[in-house]
file target-v6.pdb (PDB, C-alpha atoms)
ATOM      1  CA  MET A  59     -94.568  32.088  96.046
ATOM      2  CA  GLU A  60     -94.118  35.809  96.673
ATOM      3  CA  ASN A  61     -94.313  35.236 100.430
ATOM      4  CA  LYS A  62     -91.573  32.595 100.189
ATOM      5  CA  ASN A  63     -89.380  34.890  98.130
ATOM      6  CA  GLY A  64     -90.008  37.756 100.525
ATOM      7  CA  SER A  65     -89.229  35.548 103.498
ATOM      8  CA  ALA A  66     -85.998  34.355 101.869
ATOM      9  CA  MET A  67     -84.962  37.934 101.123
ATOM     10  CA  ARG A  68     -85.649  38.957 104.707
ATOM     11  CA  ARG A  69     -83.515  36.067 105.992
ATOM     12  CA  VAL A  70     -80.664  37.033 103.664
ATOM     13  CA  TRP A  71     -80.961  40.679 104.708
ATOM     14  CA  SER A  72     -81.104  39.759 108.401
ATOM     15  CA  LYS A  73     -78.024  37.567 108.020
ATOM     16  CA  TYR A  74     -76.172  40.325 106.185
ATOM     17  CA  THR A  75     -77.007  43.057 108.708
ATOM     18  CA  SER A  76     -75.776  40.807 111.531
ATOM     19  CA  LEU A  77     -72.271  40.859 110.045
ATOM     20  CA  ASN A  78     -69.697  43.254 111.487
ATOM     21  CA  GLY A  79     -69.485  46.486 109.495
ATOM     22  CA  SER A  80     -72.458  45.699 107.244
ATOM     23  CA  GLY A  81     -74.160  49.057 107.845
ATOM     24  CA  VAL A  82     -70.909  50.963 107.326
ATOM     25  CA  LEU A  83     -70.294  49.126 104.051
ATOM     26  CA  ILE A  84     -73.685  50.290 102.739
ATOM     27  CA  ALA A  85     -73.010  53.842 103.951
ATOM     28  CA  MET A  86     -69.593  53.793 102.262
ATOM     29  CA  ILE A  87     -71.063  52.651  98.941
ATOM     30  CA  VAL A  88     -73.729  55.373  99.105
ATOM     31  CA  TYR A  89     -71.082  57.979  99.977
ATOM     32  CA  ILE A  90     -68.796  56.926  97.092
ATOM     33  CA  ILE A  91     -71.707  57.070  94.632
ATOM     34  CA  LEU A  92     -72.723  60.509  95.947
ATOM     35  CA  ILE A  93     -69.184  61.932  95.673
ATOM     36  CA  SER A  94     -68.757  60.364  92.228
ATOM     37  CA  VAL A  95     -71.933  62.105  91.031
ATOM     38  CA  VAL A  96     -71.151  65.472  92.634
ATOM     39  CA  ALA A  97     -67.388  65.633  91.892
ATOM     40  CA  PRO A  98     -67.617  66.332  88.113
ATOM     41  CA  PHE A  99     -69.819  69.375  88.769
ATOM     42  CA  VAL A 100     -67.665  70.728  91.620
ATOM     43  CA  THR A 101     -64.096  69.961  90.512
ATOM     44  CA  GLY A 102     -64.532  68.671  86.966
ATOM     45  CA  GLY A 103     -62.679  65.493  87.946
ATOM     46  CA  THR A 104     -63.624  61.838  88.401
ATOM     47  CA  PHE A 105     -63.510  60.528  91.965
ATOM     48  CA  LEU A 106     -63.871  56.763  91.560
ATOM     49  CA  THR A 107     -60.726  55.838  89.643
ATOM     50  CA  TYR A 108     -58.098  53.162  90.241
ATOM     51  CA  THR A 109     -55.521  55.872  91.004
ATOM     52  CA  ASN A 110     -57.741  57.492  93.648
ATOM     53  CA  ILE A 111     -58.534  54.139  95.254
ATOM     54  CA  MET A 112     -54.838  53.251  95.447
ATOM     55  CA  ASN A 113     -54.078  56.702  96.851
ATOM     56  CA  VAL A 114     -56.671  56.194  99.590
ATOM     57  CA  LEU A 115     -55.152  52.827 100.490
ATOM     58  CA  ARG A 116     -51.555  54.065 100.340
ATOM     59  CA  GLN A 117     -52.155  57.242 102.353
ATOM     60  CA  GLN A 118     -54.146  55.430 105.029
ATOM     61  CA  SER A 119     -52.283  52.084 105.053
ATOM     62  CA  TYR A 120     -50.590  52.881 108.370
ATOM     63  CA  ILE A 121     -53.996  53.500 109.987
ATOM     64  CA  GLY A 122     -55.275  50.188 108.605
ATOM     65  CA  ILE A 123     -52.323  48.282 110.079
ATOM     66  CA  ILE A 124     -52.711  49.808 113.548
ATOM     67  CA  ALA A 125     -56.514  49.469 113.506
ATOM     68  CA  THR A 126     -56.230  45.787 112.581
ATOM     69  CA  SER A 127     -54.060  45.121 115.617
ATOM     70  CA  MET A 128     -56.215  47.370 117.834
ATOM     71  CA  THR A 129     -59.135  45.043 117.080
ATOM     72  CA  PHE A 130     -57.370  42.377 119.153
ATOM     73  CA  VAL A 131     -56.997  44.681 122.164
ATOM     74  CA  ILE A 132     -60.551  46.010 122.007
ATOM     75  CA  MET A 133     -61.840  42.460 121.568
ATOM     76  CA  THR A 134     -60.566  41.758 125.115
ATOM     77  CA  GLY A 135     -62.465  44.767 126.488
ATOM     78  CA  ASN A 136     -59.381  47.007 126.690
ATOM     79  CA  ILE A 137     -58.040  49.888 124.605
ATOM     80  CA  ASP A 138     -54.753  51.565 123.682
ATOM     81  CA  LEU A 139     -54.915  55.347 123.325
ATOM     82  CA  SER A 140     -51.140  55.783 123.191
ATOM     83  CA  VAL A 141     -50.807  54.652 119.556
ATOM     84  CA  GLY A 142     -50.799  58.151 118.046
ATOM     85  CA  SER A 143     -47.977  59.395 120.287
ATOM     86  CA  LEU A 144     -46.071  56.120 119.957
ATOM     87  CA  LEU A 145     -46.367  56.323 116.170
ATOM     88  CA  THR A 146     -44.782  59.779 116.185
ATOM     89  CA  LEU A 147     -42.017  58.732 118.587
ATOM     90  CA  LEU A 148     -41.075  55.670 116.537
ATOM     91  CA  ALA A 149     -41.224  57.625 113.275
ATOM     92  CA  VAL A 150     -38.832  60.259 114.632
ATOM     93  CA  ILE A 151     -36.453  57.614 116.004
ATOM     94  CA  CYS A 152     -36.560  55.643 112.752
ATOM     95  CA  ALA A 153     -35.847  58.764 110.696
ATOM     96  CA  GLN A 154     -32.878  59.701 112.880
ATOM     97  CA  LEU A 155     -31.467  56.160 112.793
ATOM     98  CA  THR A 156     -31.346  56.100 108.998
ATOM     99  CA  GLN A 157     -27.939  57.782 109.274
ATOM    100  CA  TYR A 158     -26.646  54.375 110.417
ATOM    101  CA  GLY A 159     -28.302  52.567 107.513
ATOM    102  CA  PRO A 160     -31.912  51.760 106.559
ATOM    103  CA  TRP A 161     -31.924  48.241 107.978
ATOM    104  CA  VAL A 162     -30.555  49.372 111.339
ATOM    105  CA  ALA A 163     -33.355  51.946 111.483
ATOM    106  CA  ILE A 164     -36.027  49.397 110.536
ATOM    107  CA  ILE A 165     -34.893  46.641 112.919
ATOM    108  CA  VAL A 166     -34.425  48.967 115.906
ATOM    109  CA  THR A 167     -37.817  50.594 115.251
ATOM    110  CA  LEU A 168     -39.540  47.198 115.169
ATOM    111  CA  LEU A 169     -37.860  46.155 118.430
ATOM    112  CA  LEU A 170     -38.707  49.446 120.147
ATOM    113  CA  GLY A 171     -42.334  49.143 119.080
ATOM    114  CA  LEU A 172     -42.511  45.652 120.513
ATOM    115  CA  VAL A 173     -40.915  46.819 123.781
ATOM    116  CA  CYS A 174     -43.323  49.767 124.120
ATOM    117  CA  GLY A 175     -46.277  47.481 123.449
ATOM    118  CA  ALA A 176     -44.945  45.080 126.095
ATOM    119  CA  ILE A 177     -44.661  47.940 128.609
ATOM    120  CA  ASN A 178     -48.296  48.896 128.022
ATOM    121  CA  GLY A 179     -49.232  45.222 128.330
ATOM    122  CA  LEU A 180     -47.373  44.846 131.618
ATOM    123  CA  PHE A 181     -49.216  47.801 133.108
ATOM    124  CA  VAL A 182     -52.674  46.746 131.899
ATOM    125  CA  ALA A 183     -52.434  42.943 132.032
ATOM    126  CA  GLY A 184     -49.712  42.404 134.629
ATOM    127  CA  MET A 185     -50.550  45.157 137.115
ATOM    128  CA  LYS A 186     -54.248  45.249 136.124
ATOM    129  CA  LEU A 187     -54.331  49.031 135.764
ATOM    130  CA  ASN A 188     -57.175  50.771 133.947
ATOM    131  CA  ALA A 189     -56.391  50.539 130.218
ATOM    132  CA  PHE A 190     -57.980  53.883 129.332
ATOM    133  CA  ILE A 191     -56.079  55.955 131.900
ATOM    134  CA  THR A 192     -52.842  53.986 131.593
ATOM    135  CA  THR A 193     -52.535  54.275 127.834
ATOM    136  CA  ILE A 194     -53.404  57.978 127.893
ATOM    137  CA  ALA A 195     -50.616  58.429 130.450
ATOM    138  CA  MET A 196     -48.198  56.397 128.326
ATOM    139  CA  GLY A 197     -49.199  58.499 125.331
ATOM    140  CA  SER A 198     -48.097  61.573 127.292
ATOM    141  CA  VAL A 199     -44.792  59.869 128.075
ATOM    142  CA  TYR A 200     -44.210  58.973 124.421
ATOM    143  CA  GLY A 201     -45.142  62.498 123.356
ATOM    144  CA  ALA A 202     -42.693  64.045 125.834
ATOM    145  CA  LEU A 203     -39.920  61.683 124.740
ATOM    146  CA  THR A 204     -40.533  62.721 121.136
ATOM    147  CA  LEU A 205     -40.083  66.404 122.014
ATOM    148  CA  ILE A 206     -36.918  65.610 123.967
ATOM    149  CA  ILE A 207     -35.442  63.634 121.075
ATOM    150  CA  ALA A 208     -36.515  66.060 118.344
ATOM    151  CA  PRO A 209     -37.615  69.422 119.833
ATOM    152  CA  GLY A 210     -39.546  70.911 116.928
ATOM    153  CA  SER A 211     -37.124  69.732 114.264
ATOM    154  CA  THR A 212     -37.904  67.839 111.072
ATOM    155  CA  THR A 213     -35.718  64.889 110.105
ATOM    156  CA  ARG A 214     -35.461  64.134 106.389
ATOM    157  CA  VAL A 215     -35.221  60.565 105.102
ATOM    158  CA  GLN A 216     -33.335  59.873 101.889
ATOM    159  CA  GLU A 217     -32.796  56.147 101.496
ATOM    160  CA  PRO A 218     -33.594  53.892  98.491
ATOM    161  CA  VAL A 219     -35.176  51.290 100.802
ATOM    162  CA  PHE A 220     -37.623  53.861 102.171
ATOM    163  CA  ASP A 221     -38.243  55.221  98.677
ATOM    164  CA  MET A 222     -39.283  51.713  97.654
ATOM    165  CA  LEU A 223     -41.560  51.323 100.688
ATOM    166  CA  GLY A 224     -43.169  54.728 100.159
ATOM    167  CA  GLY A 225     -43.381  54.934  96.377
ATOM    168  CA  GLY A 226     -42.604  51.481  95.002
ATOM    169  CA  PHE A 227     -44.966  48.849  93.599
ATOM    170  CA  VAL A 228     -45.414  45.091  93.949
ATOM    171  CA  LEU A 229     -46.302  43.212  90.742
ATOM    172  CA  GLY A 230     -46.115  46.537  88.968
ATOM    173  CA  PHE A 231     -49.488  47.918  90.125
ATOM    174  CA  ILE A 232     -49.927  47.434  93.901
ATOM    175  CA  PRO A 233     -48.196  50.103  96.043
ATOM    176  CA  THR A 234     -45.688  48.467  98.410
ATOM    177  CA  ALA A 235     -47.323  49.975 101.514
ATOM    178  CA  VAL A 236     -50.719  48.658 100.403
ATOM    179  CA  PHE A 237     -49.273  45.206  99.770
ATOM    180  CA  ILE A 238     -47.743  45.121 103.277
ATOM    181  CA  MET A 239     -51.075  46.194 104.754
ATOM    182  CA  ILE A 240     -52.946  43.487 102.815
ATOM    183  CA  VAL A 241     -50.548  40.793 104.057
ATOM    184  CA  PHE A 242     -50.870  42.133 107.612
ATOM    185  CA  VAL A 243     -54.670  42.130 107.409
ATOM    186  CA  ILE A 244     -54.920  38.634 105.916
ATOM    187  CA  VAL A 245     -52.618  37.103 108.533
ATOM    188  CA  LEU A 246     -54.340  38.777 111.493
ATOM    189  CA  GLY A 247     -57.771  38.128 109.993
ATOM    190  CA  ILE A 248     -57.027  34.399 109.859
ATOM    191  CA  VAL A 249     -55.611  34.456 113.392
ATOM    192  CA  MET A 250     -58.725  36.192 114.706
ATOM    193  CA  SER A 251     -61.333  34.086 112.913
ATOM    194  CA  LYS A 252     -59.712  30.667 112.471
ATOM    195  CA  THR A 253     -57.476  30.016 115.474
ATOM    196  CA  VAL A 254     -57.848  29.146 119.141
ATOM    197  CA  PHE A 255     -56.124  32.427 119.994
ATOM    198  CA  GLY A 256     -58.885  34.450 118.318
ATOM    199  CA  ARG A 257     -61.671  32.402 119.900
ATOM    200  CA  ARG A 258     -60.149  32.855 123.339
ATOM    201  CA  LEU A 259     -59.889  36.612 122.864
ATOM    202  CA  ARG A 260     -63.588  36.666 122.068
ATOM    203  CA  ALA A 261     -64.295  34.621 125.201
ATOM    204  CA  ILE A 262     -62.186  36.962 127.360
ATOM    205  CA  GLY A 263     -64.065  40.010 126.097
ATOM    206  CA  SER A 264     -67.515  38.414 126.283
ATOM    207  CA  ASN A 265     -67.228  36.996 129.800
ATOM    208  CA  PRO A 266     -63.886  37.442 131.608
ATOM    209  CA  LEU A 267     -65.021  35.429 134.643
ATOM    210  CA  ALA A 268     -66.177  32.457 132.569
ATOM    211  CA  ALA A 269     -62.964  32.627 130.544
ATOM    212  CA  ARG A 270     -60.905  32.450 133.726
ATOM    213  CA  PHE A 271     -62.836  29.458 135.046
ATOM    214  CA  SER A 272     -62.367  27.802 131.655
ATOM    215  CA  GLY A 273     -58.626  27.841 132.226
ATOM    216  CA  ILE A 274     -57.834  30.684 129.833
ATOM    217  CA  HIS A 275     -54.845  32.742 130.985
ATOM    218  CA  SER A 276     -56.569  36.048 130.233
ATOM    219  CA  GLN A 277     -53.731  38.304 131.361
ATOM    220  CA  LEU A 278     -51.235  36.574 129.073
ATOM    221  CA  TYR A 279     -53.532  36.985 126.066
ATOM    222  CA  ILE A 280     -54.123  40.663 126.855
ATOM    223  CA  PHE A 281     -50.366  41.192 127.207
ATOM    224  CA  LEU A 282     -49.742  39.572 123.819
ATOM    225  CA  CYS A 283     -52.387  41.793 122.222
ATOM    226  CA  TYR A 284     -50.612  44.911 123.470
ATOM    227  CA  CYS A 285     -47.309  43.559 122.135
ATOM    228  CA  LEU A 286     -49.025  43.081 118.776
ATOM    229  CA  VAL A 287     -50.230  46.691 118.780
ATOM    230  CA  GLY A 288     -46.719  47.932 119.575
ATOM    231  CA  LEU A 289     -45.293  45.902 116.689
ATOM    232  CA  ALA A 290     -48.033  47.148 114.341
ATOM    233  CA  VAL A 291     -47.334  50.763 115.290
ATOM    234  CA  SER A 292     -43.631  50.267 114.511
ATOM    235  CA  VAL A 293     -44.495  48.877 111.057
ATOM    236  CA  ALA A 294     -46.897  51.783 110.518
ATOM    237  CA  SER A 295     -44.265  54.341 111.545
ATOM    238  CA  ILE A 296     -41.804  52.931 108.994
ATOM    239  CA  LEU A 297     -44.413  53.124 106.220
ATOM    240  CA  TYR A 298     -45.454  56.616 107.268
ATOM    241  CA  ILE A 299     -42.016  58.185 107.056
ATOM    242  CA  ALA A 300     -41.360  56.245 103.856
ATOM    243  CA  ARG A 301     -44.371  58.006 102.324
ATOM    244  CA  SER A 302     -43.811  61.451 103.856
ATOM    245  CA  VAL A 303     -39.988  61.300 103.516
ATOM    246  CA  ALA A 304     -39.670  63.166 106.832
ATOM    247  CA  ALA A 305     -40.566  62.988 110.517
ATOM    248  CA  ASN A 306     -41.371  65.698 113.074
ATOM    249  CA  PRO A 307     -42.966  65.821 116.568
ATOM    250  CA  GLN A 308     -46.364  66.865 115.176
ATOM    251  CA  LEU A 309     -46.438  64.122 112.556
ATOM    252  CA  THR A 310     -49.428  62.022 113.573
ATOM    253  CA  SER A 311     -51.342  64.049 116.147
ATOM    254  CA  GLY A 312     -54.847  62.660 116.764
ATOM    255  CA  ASP A 313     -54.424  59.454 114.772
ATOM    256  CA  GLU A 314     -55.521  57.340 117.754
ATOM    257  CA  MET A 315     -59.045  58.652 117.152
ATOM    258  CA  LEU A 316     -58.995  57.421 113.556
ATOM    259  CA  VAL A 317     -57.754  54.013 114.699
ATOM    260  CA  VAL A 318     -60.453  53.591 117.342
ATOM    261  CA  MET A 319     -63.080  54.917 114.936
ATOM    262  CA  ALA A 320     -62.136  52.335 112.303
ATOM    263  CA  VAL A 321     -62.469  49.510 114.837
ATOM    264  CA  VAL A 322     -65.779  50.752 116.255
ATOM    265  CA  LEU A 323     -67.280  51.451 112.826
ATOM    266  CA  GLY A 324     -66.277  47.927 111.853
ATOM    267  CA  GLY A 325     -68.633  46.521 114.474
ATOM    268  CA  CYS A 326     -66.236  45.898 117.366
ATOM    269  CA  THR A 327     -67.895  46.846 120.624
ATOM    270  CA  ILE A 328     -65.822  48.825 123.139
ATOM    271  CA  LYS A 329     -66.947  46.431 125.878
ATOM    272  CA  GLY A 330     -65.188  43.583 124.087
ATOM    273  CA  GLY A 331     -66.170  40.144 122.848
ATOM    274  CA  LYS A 332     -67.545  41.235 119.481
ATOM    275  CA  GLY A 333     -65.880  42.277 116.254
ATOM    276  CA  SER A 334     -63.642  41.127 113.429
ATOM    277  CA  VAL A 335     -60.590  42.215 111.452
ATOM    278  CA  TRP A 336     -62.666  42.228 108.258
ATOM    279  CA  GLY A 337     -65.166  44.626 109.836
ATOM    280  CA  THR A 338     -62.335  46.904 110.972
ATOM    281  CA  ILE A 339     -61.039  47.123 107.413
ATOM    282  CA  ILE A 340     -64.478  48.254 106.233
ATOM    283  CA  GLY A 341     -64.384  50.949 108.927
ATOM    284  CA  PHE A 342     -60.864  51.953 107.882
ATOM    285  CA  LEU A 343     -61.878  52.185 104.209
ATOM    286  CA  PHE A 344     -64.917  54.284 105.078
ATOM    287  CA  ILE A 345     -62.728  56.769 106.975
ATOM    288  CA  GLY A 346     -60.234  56.862 104.110
ATOM    289  CA  PHE A 347     -62.892  57.553 101.492
ATOM    290  CA  ILE A 348     -64.558  60.221 103.638
ATOM    291  CA  SER A 349     -61.259  62.047 104.118
ATOM    292  CA  THR A 350     -60.263  61.737 100.456
ATOM    293  CA  GLY A 351     -63.735  62.732  99.275
ATOM    294  CA  PHE A 352     -63.681  65.893 101.395
ATOM    295  CA  THR A 353     -60.209  66.779 100.112
ATOM    296  CA  PHE A 354     -61.279  66.047  96.532
ATOM    297  CA  LEU A 355     -64.147  68.519  96.896
ATOM    298  CA  GLY A 356     -61.845  71.087  98.489
ATOM    299  CA  LEU A 357     -63.642  71.116 101.848
ATOM    300  CA  ASN A 358     -62.004  72.387 105.039
ATOM    301  CA  THR A 359     -59.856  69.949 107.056
ATOM    302  CA  TYR A 360     -61.520  71.052 110.287
ATOM    303  CA  MET A 361     -64.887  70.180 108.809
ATOM    304  CA  GLN A 362     -63.538  66.672 108.181
ATOM    305  CA  TRP A 363     -62.726  66.306 111.889
ATOM    306  CA  ILE A 364     -66.197  67.541 112.863
ATOM    307  CA  VAL A 365     -67.789  64.925 110.595
ATOM    308  CA  MET A 366     -65.413  62.219 111.872
ATOM    309  CA  GLY A 367     -66.266  63.046 115.479
ATOM    310  CA  LEU A 368     -70.011  62.981 114.809
ATOM    311  CA  ILE A 369     -69.683  59.656 112.985
ATOM    312  CA  LEU A 370     -67.808  58.150 115.941
ATOM    313  CA  ILE A 371     -70.461  59.370 118.409
ATOM    314  CA  ALA A 372     -73.203  57.956 116.162
ATOM    315  CA  ALA A 373     -71.393  54.607 115.945
ATOM    316  CA  LEU A 374     -71.035  54.445 119.735
ATOM    317  CA  ALA A 375     -74.720  55.372 120.167
ATOM    318  CA  ILE A 376     -75.802  52.628 117.756
ATOM    319  CA  ASP A 377     -73.524  50.174 119.549
ATOM    320  CA  ALA A 378     -75.049  51.142 122.927
ATOM    321  CA  ALA A 379     -78.574  50.760 121.512
ATOM    322  CA  LYS A 380     -77.754  47.278 120.194
ATOM    323  CA  GLU A 381     -76.310  46.261 123.569
ATOM    324  CA  LYS A 382     -79.434  47.541 125.349
ATOM    325  CA  LYS A 383     -81.713  45.730 122.923
ATOM    326  CA  GLY A 384     -79.663  42.549 123.241
ATOM    327  CA  GLY A 385     -79.699  42.789 127.007
TER
END

call {"tool": "encode", "arguments": {"input": "target-v6.pdb", "output": "structure tokens"}}
result
Amino acid sequence: MENKNGSAMRRVWSKYTSLNGSGVLIAMIVYIILISVVAPFVTGGTFLTYTNIMNVLRQQSYIGIIATSMTFVIMTGNIDLSVGSLLTLLAVICAQLTQYGPWVAIIVTLLLGLVCGAINGLFVAGMKLNAFITTIAMGSVYGALTLIIAPGSTTRVQEPVFDMLGGGFVLGFIPTAVFIMIVFVIVLGIVMSKTVFGRRLRAIGSNPLAARFSGIHSQLYIFLCYCLVGLAVSVASILYIARSVAANPQLTSGDEMLVVMAVVLGGCTIKGGKGSVWGTIIGFLFIGFISTGFTFLGLNTYMQWIVMGLILIAALAIDAAKEKKGG
């Protein structure tokens, strides 16, 4: 009887560990428990509260939205490293356009994000340029455009619509930014896991040659994924300036690393063909809780980046080991 129970437990455990982000979820739970135990002795405060959880989600909602869309691109075996610079560019443009009205700013920002995503998609999918180099180059272009448009200046945003997006609540207890992120995640999660589009992305990333012989128009799907990322970045930029109530050229420096880290920690392999939106969200939450936990304990910001970098390297090493074992 004990052998049967042990065998059943091993099967359950094996099934669980095969899920995307399962190891990160365990690590996140352990980390939250550790911080919750240590925090009262260090700061005298309580870490695991509803307010803190909502603050984590609200402050990092823009990262969650971009990371969710990035999962689609990485699933195809590509990447977009221009998202941090594009986020800053769109945030600055959106902030400056608020002088013509909040809805003008929002609509133009969404359209510009879609156009920028399409440009990246045309280079990578249409011209078949290397995604890594191309998106780094486009990131430089977006960064330079930001400095041209707003050379070191900060643009303040004072609009009721943005106040509602940054500090308002849905149903009286869910921050508006968090609610938008949840809707975004649910929709893209369903698209990835339950539709033909998601299955074909997985096929493209797993075996591009087989996908092509199966009649899948790989380049079109890759192009659409980049358009999705551009649109997600525009939504994220709107939420970011709504929360910060200002935009400047140094607004979101280095955020592309957090986005990629969330996707990789969630179990999406850089080579493509493996991953899920749900796993990415676990990775995003882990990053959010690490950052908030460090801040809660009063630890140095630079130390946070050191830890983040080491975690990303460890995740890539584990991913490489799994690929080697599988191969």

call {"tool": "closest_residue", "arguments": {"input": "target-v6.pdb", "among": "A:Ile364, A:Ala195, A:Ile262, A:Ala85", "to": "A:Phe181", "atoms": "all atoms listed in the file"}}
result
A:Ala195

call {"tool": "residues_around", "arguments": {"input": "target-v6.pdb", "residues": "A:Gly351", "least_positions_apart": "3", "cutoff": "12 Å", "atoms": "all atoms listed in the file", "output": "PyMOL selection string"}}
result
chain A and resi 86+89-97+100-101+103-106+110-111+113-114+343-348+354-359+362

call {"tool": "resolve_selection", "arguments": {"input": "target-v6.pdb", "expression": "the PyMOL selection byres ((chain A and resi 239) around 8)", "output": "number ranges by chain"}}
result
A: 119-120, 122-123, 235-238, 240-243

call {"tool": "atom_distance", "arguments": {"input": "target-v6.pdb", "atom1": "atom CA of A:Leu83", "atom2": "atom CA of A:Leu223"}}
result
29.0 Å

call {"tool": "resolve_selection", "arguments": {"input": "target-v6.pdb", "expression": "the PyMOL selection byres ((chain A and resi 145) around 9)", "output": "PyMOL selection string"}}
result
chain A and resi 140-144+146-150+171+200+291-292+294-295+298+309-310+313

call {"tool": "residues_around", "arguments": {"input": "target-v6.pdb", "residues": "A:Leu282", "least_positions_apart": "4", "cutoff": "9 Å", "atoms": "only C-alpha atoms", "output": "PyMOL selection string"}}
result
chain A and resi 175-176+179+277-278+286-287

call {"tool": "atom_distance", "arguments": {"input": "target-v6.pdb", "atom1": "atom CA of A:Pro160", "atom2": "atom CA of A:Pro218"}}
result
8.5 Å

call {"tool": "atom_distance", "arguments": {"input": "target-v6.pdb", "atom1": "atom CA of A:Met315", "atom2": "atom CA of A:Val249"}}
result
24.7 Å

call {"tool": "closest_residue", "arguments": {"input": "target-v6.pdb", "among": "A:Gly367, A:Gly225, A:Gly337, A:Gly263", "to": "A:Arg116", "atoms": "all atoms listed in the file"}}
result
A:Gly225

call {"tool": "closest_residue", "arguments": {"input": "target-v6.pdb", "among": "A:Leu170, A:Trp161, A:Arg258, A:Ile232", "to": "A:Arg270", "atoms": "all atoms listed in the file"}}
result
A:Arg258

call {"tool": "residues_around", "arguments": {"input": "target-v6.pdb", "residues": "A:Arg214", "least_positions_apart": "4", "cutoff": "10 Å", "atoms": "only C-alpha atoms", "output": "list of chain:residue names"}}
result
A:Val150, A:Ala153, A:Gln154, A:Thr156, A:Ile299, A:Ser302, A:Val303, A:Ala304, A:Ala305, A:Asn306

call {"tool": "write_last_selection", "arguments": {"input": "target-v6.pdb", "atoms": "C-alpha atoms", "output": "short mmCIF file (atom, residue, chain, number, x, y, z; two decimals), in the frame of the given file"}}
result
data_model
loop_
_atom_site.label_atom_id
_atom_site.label_comp_id
_atom_site.auth_asym_id
_atom_site.auth_seq_id
_atom_site.Cartn_x
_atom_site.Cartn_y
_atom_site.Cartn_z
CA VAL A 150 -38.83 60.26 114.63
CA ALA A 153 -35.85 58.76 110.70
CA GLN A 154 -32.88 59.70 112.88
CA THR A 156 -31.35 56.10 109.00
CA ILE A 299 -42.02 58.18 107.06
CA SER A 302 -43.81 61.45 103.86
CA VAL A 303 -39.99 61.30 103.52
CA ALA A 304 -39.67 63.17 106.83
CA ALA A 305 -40.57 62.99 110.52
CA ASN A 306 -41.37 65.70 113.07
#

call {"tool": "axis_aligned_box", "arguments": {"input": "target-v6.pdb", "around": "stretch 291-303 of chain A", "padding_each_side": "3 Å", "output": "AutoDock Vina command-line options"}}
result
--center_x -43.7 --center_y 55.2 --center_z 108.8 --size_x 13.3 --size_y 18.6 --size_z 19.0

call {"tool": "residues_around", "arguments": {"input": "target-v6.pdb", "residues": "A:Ala125", "least_positions_apart": "4", "cutoff": "7 Å", "atoms": "all atoms listed in the file", "output": "VMD selection string"}}
result
chain A and resid 121 129 317 to 318 320 to 321 338

call {"tool": "closest_residue", "arguments": {"input": "target-v6.pdb", "among": "A:Pro233, A:Val173, A:Leu316, A:Ile165", "to": "A:Thr109", "atoms": "only C-alpha atoms"}}
result
A:Pro233

call {"tool": "closest_residue", "arguments": {"input": "target-v6.pdb", "among": "A:Gly135, A:Gly230, A:Gly224, A:Gly341", "to": "A:Val182", "atoms": "all atoms listed in the file"}}
result
A:Gly135
